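K.L.:
Below is the file coords04.tsv, with TSV, C-alpha atoms and all ligand atoms.
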chain	number	residue	atom	x	y	z
C	114	MET	CA	105.33	92.68	101.76
C	115	ALA	CA	104.12	96.00	100.39
C	116	ASN	CA	104.35	99.08	102.50
C	117	VAL	CA	101.08	99.17	104.49
C	118	GLY	CA	99.74	102.27	106.24
C	119	ILE	CA	96.78	101.95	108.59
C	120	PHE	CA	95.09	105.34	108.99
C	121	VAL	CA	92.43	105.40	111.70
C	122	GLY	CA	89.95	107.84	113.22
C	123	SER	CA	88.28	106.57	116.37
C	124	SER	CA	86.49	108.41	119.19
C	125	SER	CA	86.03	105.75	121.86
C	126	GLY	CA	88.75	103.38	120.74
C	127	VAL	CA	86.76	100.64	119.01
C	128	THR	CA	88.07	101.20	115.48
C	129	LEU	CA	91.49	101.97	116.95
C	130	GLU	CA	91.57	98.57	118.63
C	131	ALA	CA	90.77	96.91	115.30
C	132	ALA	CA	93.54	98.98	113.70
C	133	GLU	CA	96.01	97.80	116.33
C	134	LYS	CA	95.06	94.20	115.61
C	135	LEU	CA	95.56	94.85	111.89
C	136	GLN	CA	98.97	96.33	112.62
C	137	GLU	CA	99.94	93.06	114.32
C	138	LEU	CA	98.65	91.06	111.38
C	139	PHE	CA	100.37	93.13	108.68
C	140	GLU	CA	104.02	92.78	109.52
C	141	GLY	CA	105.98	96.02	109.20
C	142	SER	CA	102.85	98.14	108.78
C	143	GLU	CA	102.53	101.60	110.30
C	144	LEU	CA	99.55	102.85	112.30
C	145	ILE	CA	98.59	106.49	111.88
C	146	ASN	CA	96.07	107.72	114.41
C	147	MET	CA	94.35	110.63	112.62
C	148	GLU	CA	94.05	112.55	115.87
C	149	GLU	CA	97.72	112.44	116.81
C	150	ASP	CA	99.89	111.30	113.94
C	151	PHE	CA	98.39	112.74	110.77
C	152	ASP	CA	100.25	115.73	109.32
C	153	ASP	CA	99.05	116.17	105.76
C	154	LEU	CA	97.85	114.34	102.66
C	155	GLU	CA	101.46	113.72	101.59
C	156	GLN	CA	101.54	110.97	104.21
C	157	PHE	CA	99.47	108.71	101.94
C	158	ASN	CA	102.42	108.71	99.53
C	159	ASP	CA	104.58	106.80	102.03
C	160	PHE	CA	102.56	103.64	101.38
C	161	ASP	CA	101.50	101.28	98.58
C	162	VAL	CA	98.55	99.95	100.58
C	163	LEU	CA	96.22	102.08	102.68
C	164	LEU	CA	93.88	100.52	105.24
C	165	ILE	CA	91.47	103.31	106.09
C	166	GLY	CA	89.54	103.09	109.36
C	167	SER	CA	86.71	105.24	110.65
C	168	SER	CA	83.71	104.77	112.87
C	169	THR	CA	80.40	106.32	111.81
C	170	TRP	CA	78.79	109.28	113.60
C	171	GLY	CA	75.96	111.79	113.19
C	172	GLN	CA	73.91	110.80	110.21
C	173	GLY	CA	76.30	108.30	108.70
C	174	ASP	CA	79.34	110.58	108.79
C	175	PRO	CA	83.03	109.71	109.17
C	176	GLN	CA	84.63	110.12	112.59
C	177	ARG	CA	85.58	113.74	113.38
C	178	ASP	CA	89.34	113.37	112.82
C	179	TRP	CA	88.65	112.56	109.18
C	180	VAL	CA	86.60	115.69	108.51
C	181	ASP	CA	89.46	118.07	107.63
C	182	PRO	CA	91.57	115.54	105.67
C	183	LEU	CA	88.54	114.51	103.61
C	184	TYR	CA	87.68	118.13	102.91
C	185	GLU	CA	91.26	118.71	101.75
C	186	MET	CA	91.13	115.61	99.58
C	187	GLU	CA	87.95	116.79	97.90
C	188	ASN	CA	89.59	120.14	97.18
C	189	ASP	CA	93.17	119.16	96.38
C	190	MET	CA	92.43	115.81	94.71
C	191	PRO	CA	95.82	114.20	95.50
C	192	ASP	CA	96.73	111.59	92.92
C	193	LEU	CA	96.49	108.18	94.59
C	194	SER	CA	96.78	106.18	91.35
C	195	GLY	CA	98.02	102.65	91.90
C	196	LYS	CA	97.40	102.66	95.64
C	197	LYS	CA	95.42	99.72	96.93
C	198	VAL	CA	92.91	100.87	99.52
C	199	ALA	CA	90.44	99.07	101.80
C	200	PHE	CA	88.08	100.41	104.45
C	201	PHE	CA	87.07	99.29	107.93
C	202	GLY	CA	85.16	100.80	110.81
C	203	ALA	CA	82.85	100.48	113.77
C	204	GLY	CA	79.17	101.26	114.00
C	205	ASP	CA	76.04	100.33	115.90
C	206	GLN	CA	73.56	98.32	113.84
C	207	ASP	CA	70.85	98.50	116.49
C	208	THR	CA	70.62	102.10	117.77
C	209	HIS	CA	72.04	103.56	114.52
C	210	GLY	CA	70.77	100.92	112.13
C	211	GLU	CA	69.38	103.59	109.82
C	212	HIS	CA	72.95	104.48	108.79
C	213	PHE	CA	75.03	101.51	109.85
C	214	VAL	CA	78.75	102.07	109.03
C	215	SER	CA	77.78	104.46	106.23
C	216	ALA	CA	81.09	106.30	106.70
C	217	LEU	CA	82.86	103.49	104.86
C	218	PHE	CA	81.05	104.46	101.68
C	219	LYS	CA	81.75	108.18	102.09
C	220	LEU	CA	85.45	107.49	102.55
C	221	LYS	CA	85.50	105.12	99.62
C	222	LYS	CA	83.90	107.66	97.30
C	223	ILE	CA	86.53	110.27	98.10
C	224	PHE	CA	89.49	107.90	97.78
C	225	GLU	CA	88.03	106.65	94.51
C	226	SER	CA	87.78	110.19	93.19
C	227	CYS	CA	91.53	110.51	93.83
C	228	ASN	CA	92.10	107.49	91.55
C	229	ALA	CA	92.87	104.98	94.31
C	230	LEU	CA	92.02	101.31	93.74
C	231	THR	CA	89.16	100.66	96.14
C	232	SER	CA	87.64	97.32	95.20
C	233	TYR	CA	89.34	95.41	98.03
C	234	GLY	CA	88.04	94.06	101.31
C	235	TYR	CA	84.32	93.79	100.57
C	236	THR	CA	82.49	91.60	103.09
C	237	SER	CA	79.10	89.93	103.28
C	238	VAL	CA	76.18	91.62	105.04
C	239	ASP	CA	75.15	88.19	106.37
C	240	GLY	CA	75.25	88.05	110.15
C	241	TYR	CA	74.29	91.71	110.64
C	242	ASP	CA	70.81	93.08	111.33
C	243	PHE	CA	70.40	96.72	110.26
C	244	GLU	CA	67.94	98.87	108.37
C	245	PHE	CA	70.09	100.77	105.91
C	246	SER	CA	73.72	101.45	105.09
C	247	LEU	CA	75.27	103.58	102.36
C	248	ALA	CA	78.15	101.09	102.57
C	249	GLN	CA	75.96	98.25	101.29
C	250	GLU	CA	76.42	97.26	97.64
C	251	GLY	CA	74.25	94.28	96.77
C	252	ASP	CA	74.80	91.75	99.52
C	253	GLN	CA	78.15	93.20	100.58
C	254	PHE	CA	79.62	96.07	102.54
C	255	CYS	CA	82.35	98.02	100.76
C	256	GLY	CA	84.69	97.17	103.64
C	257	LEU	CA	84.77	95.59	107.07
C	258	ALA	CA	81.95	96.48	109.48
C	259	ILE	CA	82.53	95.93	113.16
C	260	ASP	CA	80.03	96.46	115.95
C	261	ASN	CA	81.34	96.16	119.49
C	262	ILE	CA	78.08	97.38	120.96
C	263	ASN	CA	75.99	94.45	119.72
C	264	GLN	CA	78.47	91.83	118.47
C	265	GLU	CA	81.73	92.35	120.34
C	266	ASP	CA	82.46	88.63	120.44
C	267	LEU	CA	82.66	88.57	116.62
C	268	THR	CA	85.09	91.46	116.17
C	269	GLU	CA	88.40	89.67	116.54
C	270	VAL	CA	87.39	86.87	114.18
C	271	ARG	CA	86.08	89.41	111.66
C	272	VAL	CA	89.30	91.43	111.76
C	273	GLU	CA	91.46	88.32	111.37
C	274	ALA	CA	89.40	87.00	108.45
C	275	TRP	CA	89.49	90.40	106.79
C	276	ALA	CA	93.26	90.68	107.10
C	277	LYS	CA	93.62	87.27	105.45
C	278	GLN	CA	91.20	88.31	102.67
C	279	ILE	CA	93.07	91.57	102.03
C	280	LYS	CA	96.41	89.78	101.79
C	281	GLU	CA	94.96	87.36	99.24
C	282	GLU	CA	93.16	90.02	97.21
C	283	MET	CA	96.13	92.37	97.14
C	284	GLY	CA	98.69	89.62	96.66
C	285	LEU	CA	100.64	90.65	99.78
A	301	LIG	C1	75.77	110.40	118.62
A	301	LIG	C2	76.15	109.10	117.98
A	301	LIG	C3	75.91	108.93	116.64
A	301	LIG	C4	76.23	107.72	116.00
A	301	LIG	N1	75.92	107.53	114.67
A	301	LIG	C5	76.14	106.33	114.10
A	301	LIG	C6	75.74	106.09	112.76
A	301	LIG	O1	75.20	106.95	112.05
A	301	LIG	N2	75.98	104.84	112.23
A	301	LIG	C7	76.57	103.85	112.96
A	301	LIG	O2	76.76	102.74	112.42
A	301	LIG	N3	76.97	104.06	114.24
A	301	LIG	C8	76.77	105.26	114.82
A	301	LIG	N4	77.16	105.47	116.13
A	301	LIG	C9	77.85	104.39	116.86
A	301	LIG	C10	79.37	104.51	116.86
A	301	LIG	O3	79.89	104.45	115.55
A	301	LIG	C11	79.92	103.36	117.72
A	301	LIG	O4	79.74	103.70	119.06
A	301	LIG	C12	81.36	103.00	117.44
A	301	LIG	O5	81.70	101.85	118.18
A	301	LIG	C13	82.36	104.09	117.79
A	301	LIG	O6	83.63	103.65	117.36
A	301	LIG	P1	85.00	104.42	117.70
A	301	LIG	O7	85.26	104.21	119.16
A	301	LIG	O8	86.01	103.76	116.87
A	301	LIG	O9	84.81	105.85	117.36
A	301	LIG	C14	76.85	106.67	116.75
A	301	LIG	C15	77.11	106.87	118.12
A	301	LIG	C16	76.75	108.06	118.74
A	301	LIG	C17	77.03	108.22	120.21
Rewrite the structure of this file - the entire thing - as structure tokens.
Ligand SMILES: Cc1cc2nc3c(=O)[nH]c(=O)nc-3n(C[C@H](O)[C@H](O)[C@H](O)COP(=O)(O)O)c2cc1C
P.N.:
Amino acid sequence: MANVGIFVGSSSGVTLEAAEKLQELFEGSELINMEEDFDDLEQFNDFDVLLIGSSTWGQGDPQRDWVDPLYEMENDMPDLSGKKVAFFGAGDQDTHGEHFVSALFKLKKIFESCNALTSYGYTSVDGYDFEFSLAQEGDQFCGLAIDNINQEDLTEVRVEAWAKQIKEEMGL
């Protein structure tokens, strides 16, 4: 199994809970809570696979603990060539359906600009009801969207299916 790092920013614990489930499903993986465990961008180099988690806030923005690291990434452009990266995060498709899980796209763009491989873990938009999302490409999200406010009963199944998909796509 490749070395898997799960980096997560979560304000009320929803994306963190998904990250903890992923940690169980990816044997030997490490969970890095951006609030407590993240030191600097060098930490990405400890892993071959990065599972990047963030809820969406404001007008489609990444969770606050990602703000500084993303700013540094945009400035320093660390070389993430060869790293396989996939994105997951919580949102609210009803109250914030005008920017549902848009943070996934913003994260993806920045990781992509650092040469990471980001075409993993796309999921269907079927089964969600939202107005707009930057994370939508055709009929897919560029990652895993979870919504514990409106569809909590689907979260565990979605996380499990996504973990299985990632393992297949990345050959883990
Ligand atoms: C002020 C505010 C702004 C929000 N903005 C968005 C948004 O733009 N898009 C979205 O999908 N969800 C939005 N949400 C919903 C959160 O992403 C949702 O509550 C999520 O479950 C939080 O996950 P976390 O506990 O992992 O941080 C917003 C929530 C609040 C309170």
K.L.:
Please produce, as CSV, a per-residue contact table for segment 117-155 of chain C versus segment 268-278 of chain C (criterion: any atom at most 9 Å away, only C-alpha atoms considered), showing the nearest atom pair and its distance in Å to one decimal, sorted by chain then residue number.
P.N.:
residue,atom,partner,partner_atom,distance
C:Ala131,CA,C:Val272,CA,6.7
C:Ala132,CA,C:Val272,CA,8.9
C:Lys134,CA,C:Val272,CA,7.5
C:Leu135,CA,C:Ala276,CA,6.8
C:Leu138,CA,C:Ala276,CA,6.9
C:Phe139,CA,C:Ala276,CA,7.7
K.L.:
Counting only C-alpha atoms and all ligand atoms, figure out which residue out of C:Asp260, C:Asp178, C:Asp192, C:Glu155 gets nearest to ligand LIG 301 (chain A).
P.N.:
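Going through C:Asp260, C:Asp178, C:Asp192, C:Glu155 one by one, the smallest distance to ligand LIG 301 (chain A) is for C:Asp260.
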K.L.:
Do you have, as a tab-separated table, the list of residues of segment 134-198 of chain C lying at most 7 Å from segment 220-234 of chain C, each with its nearest atom pair and that distance in Å to one decimal, counting only C-alpha atoms and ordered by chain then number?
P.N.:
residue	atom	partner	partner_atom	distance
C:Glu187	CA	C:Ile223	CA	6.7
C:Met190	CA	C:Cys227	CA	5.4
C:Pro191	CA	C:Cys227	CA	5.9
C:Asp192	CA	C:Cys227	CA	5.4
C:Leu193	CA	C:Ala229	CA	4.8
C:Ser194	CA	C:Asn228	CA	4.9
C:Gly195	CA	C:Ala229	CA	6.1
C:Lys196	CA	C:Ala229	CA	5.3
C:Lys197	CA	C:Leu230	CA	4.9
C:Val198	CA	C:Thr231	CA	5.1
K.L.:
Go through C:Val238, C:Met147, C:Leu183, C:Val117 one by one, measure the shortest atom-to-atom distance of each to Lys219 of chain C using only C-alpha atoms, and give the residue with the smallest value.
P.N.:
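Closest residue, counting only C-alpha atoms: C:Leu183.
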K.L.:
One decimal, Å: what's the distance from atom CA of Arg177 of chain C over to atom CA of His209 of chain C, could you say?
P.N.:
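Interatomic distance, atom CA of Arg177 of chain C to atom CA of His209 of chain C: 17.0 Å.
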K.L.:
For each of C:Gln206, C:Gln136, C:Asn158, C:Gln249, take the minimum atom-to-atom distance to ligand LIG 301 (chain A), counting all atoms listed in the file, then give the residue where this is smallest.
P.N.:
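The closest residue to ligand LIG 301 (chain A) is C:Gln206.
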K.L.:
Could you please extract the residues within 6 Å of ligand LIG 301 (chain A), counting all atoms listed in the file, and hand them back as a PDB file with C-alpha atoms, in the coordinates of the input?
P.N.:
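Final output, saved to result31.pdb:
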ATOM      1  CA  SER C 123      88.280 106.570 116.370  1.00  0.00           C
ATOM      2  CA  SER C 124      86.490 108.410 119.190  1.00  0.00           C
ATOM      3  CA  SER C 125      86.030 105.750 121.860  1.00  0.00           C
ATOM      4  CA  GLY C 126      88.750 103.380 120.740  1.00  0.00           C
ATOM      5  CA  VAL C 127      86.760 100.640 119.010  1.00  0.00           C
ATOM      6  CA  THR C 128      88.070 101.200 115.480  1.00  0.00           C
ATOM      7  CA  LEU C 129      91.490 101.970 116.950  1.00  0.00           C
ATOM      8  CA  SER C 168      83.710 104.770 112.870  1.00  0.00           C
ATOM      9  CA  THR C 169      80.400 106.320 111.810  1.00  0.00           C
ATOM     10  CA  TRP C 170      78.790 109.280 113.600  1.00  0.00           C
ATOM     11  CA  GLY C 171      75.960 111.790 113.190  1.00  0.00           C
ATOM     12  CA  GLN C 172      73.910 110.800 110.210  1.00  0.00           C
ATOM     13  CA  GLY C 173      76.300 108.300 108.700  1.00  0.00           C
ATOM     14  CA  ALA C 203      82.850 100.480 113.770  1.00  0.00           C
ATOM     15  CA  GLY C 204      79.170 101.260 114.000  1.00  0.00           C
ATOM     16  CA  ASP C 205      76.040 100.330 115.900  1.00  0.00           C
ATOM     17  CA  GLN C 206      73.560  98.320 113.840  1.00  0.00           C
ATOM     18  CA  HIS C 209      72.040 103.560 114.520  1.00  0.00           C
ATOM     19  CA  HIS C 212      72.950 104.480 108.790  1.00  0.00           C
ATOM     20  CA  PHE C 213      75.030 101.510 109.850  1.00  0.00           C
ATOM     21  CA  VAL C 214      78.750 102.070 109.030  1.00  0.00           C
ATOM     22  CA  ASN C 261      81.340  96.160 119.490  1.00  0.00           C
TER      23      ASN C 261
END
K.L.:
What box, with edges along x, y and z, holds each listed atom of segment 152-156 of chain C when 3 Å is added on every side, and can you state its centre and edge lengths in Å to one decimal, as JSON?
P.N.:
{"center_x": 99.7, "center_y": 113.6, "center_z": 105.5, "size_x": 9.7, "size_y": 11.2, "size_z": 13.7}
